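Each remark here refers to the structure printed beneath this line.
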Amino acid sequence: MMTIYVGTTNTDGTGSAQNLNADNGFSPTLEELYGPPPDMPVQDGTWAYGYIDESLSLVETTIKSCVYCFSYRTNAENIAQWNAQNLKEIAMLDVEDGRVDISNFVDVCFINNAYGQRYESEFDGHQRLSITDAKRGFIDTRNLDGNPRDYGSEPFDGYHYGDTTSSWANITIKPHSNGDSWSNLFEVYTGYAEDIVTFTADENGDRDSSTQWTEFNVDLGEDNDLFYYDLVHSVNDDQRRIVDGGSGDDMLFLRVDTDDLAFEHFELITSNQNQLFLNSTLLADNASDTGLIIHNTTVQFSSDITDVAINPLNQAQQEYVSSTSNWQQYGSNYRALTLDSDDFVAVTVSTAEDSYTLLMNTADDLVPI
């Protein structure tokens with residue numbers, strides 16, 4: 001059952017939206033706003049329940065498009081001034097709706113202990129979460145009840161109902177900050193399933209320069225995940241921008257030139273012809289026996305790289321590059337890349353201690369040391 005708290009616990013730099021509860025926060029009661037009368041049988045229609053005053057809007061919408069076709073959406077918005085007293089923080093717990101939009105709160109806590117998108121008697125497991133203009137947050141969509149592949153008794157494509165065929169989270173965060181005071185940190189945890197997490201400075205076609213202060217620590221958990229990176233360059237070298245792809249075949253998509261991102265356990269990096277800085281630590285953290293695939297991305301090496309050698313792909317590397325179209329097994333959340341192994345070469349990168357293999361689609365992508 002969905003629980004929402006709104007308030008302000010951070011008065012001295014120590015509180016957060018995670019601390020909100022019934023004692024220190026406001027939990028609004030949602031009342032019927034509009035919809036067909038309950039005694040009127042309808043084939044389709046829209047119902048809305050919510051709480052709206054001069055500073056806060058919380059609306060849950062149900063759309064029925066056929067006898068058994070329902071979709072659910074929750075929108076939470078601070079319609080007063082950003083950073084307004086008693087409206088800085090919001091905590092949303094166990095929100096089952098398939099689409100959730102949260103906007104104009106400084107601090108967001110979103111915890112879901114079950115894959116979302118409820119139906120009359122079951123979950124199909126997917127959820128799209130959008131957070132706009134938050135300075136910091138804690139987002140956890142891990143299913144602590146266990147792997148959804150273990151649910152149900154009826155087999156479905158070799159697994160069971162509720163598995164990663166449909167169980168995924170698609171999380172988009174558009175941060176906003178008023179500077180380096182207090183915290184700019186987002187913690188994001190996803191679990192089983194093929195999830196997407198996006199951090200972007202794009203807001204209606206403009207770039208929010210305040211995202212230069214944004215920090216994050218993201219753990220994508222199990223299965224084949226995708227992380228989009230699109231923030232303004234960090235201000236300080238000690239800012240935390242960390243993402244762990246976890247297990248599975250994970251893809252990092254760069255929408256900006258990147259030398260301020262710490263990433264590990266990724267198998268493929270792609271971009272729109274952007275530049276990526278690589279040092280020995282990043283190479284070690286994303287190493288594999290077959291090679292790290294780098295697609296449409298220019299690489300700039302650090303000074304600890306001692307040698308670079310270019311060779312044709314061997315048979316195993318050709319098959320590995322060609323297999324990327326199958327990494328997103330079900331195609332329900334994002335479309336996997338289809339790569340032609342004939343366009344790639346094997347690049348052996350050496351340091352004083354070790355050597356690593358990159359599979360790149362042109363040798364011209366390399367920036368000389």
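Chains: A, B, ... in order of the structure tokens. Residues: from 1 per chain. Ligands: from 1, in order shown.
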Inset, instruction - Just the strand (DSSP E) stuff from stretch 68-301 of chain A, please, per backbone DSSP, written as number ranges by chain. - result: A: 69-78, 89-93, 99-103, 107-111, 126-134, 136-140, 155-156, 159-160, 168-175, 185-189, 196-200, 202-203, 206-207, 215-219, 226-230, 241-244, 251-254, 262-264, 268-278, 292-301
Legend entry - Selected residue, from A:Ala91, A:Glu222, A:Phe277, A:Thr62, that lies nearest to A:Ala22 when counting only C-alpha atoms: A:Ala91
Legend entry - Nearby residues (only C-alpha atoms) at most 8 Å from stretch 74-84 of chain A, same-chain spacing under 2 positions excluded, as a list of chain:residue names: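 Skipping anything fewer than 2 positions along the chain leaves A:Glu54, A:Ser55, A:Leu56, A:Ser57, A:Leu58, A:Val59, A:Glu60, A:Thr61, A:Tyr72, A:Asn86, A:Leu87, A:Lys88, A:Asp97, A:Arg99, A:Val100, A:Asp101, A:Ile102, A:Ser103, A:Asn104, A:Phe105, A:Val106.
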Legend entry - Filtered DSSP result for stretch 221-311 of chain A, state helix (DSSP H, G or I), as a count of residues only: 6
Legend entry - Long-range neighbours of A:Ser177 as a PyMOL selection string, 9 Å cut-off, only C-alpha atoms, 4 positions minimum in chain: chain A and resi 106+133-136+184+209-214
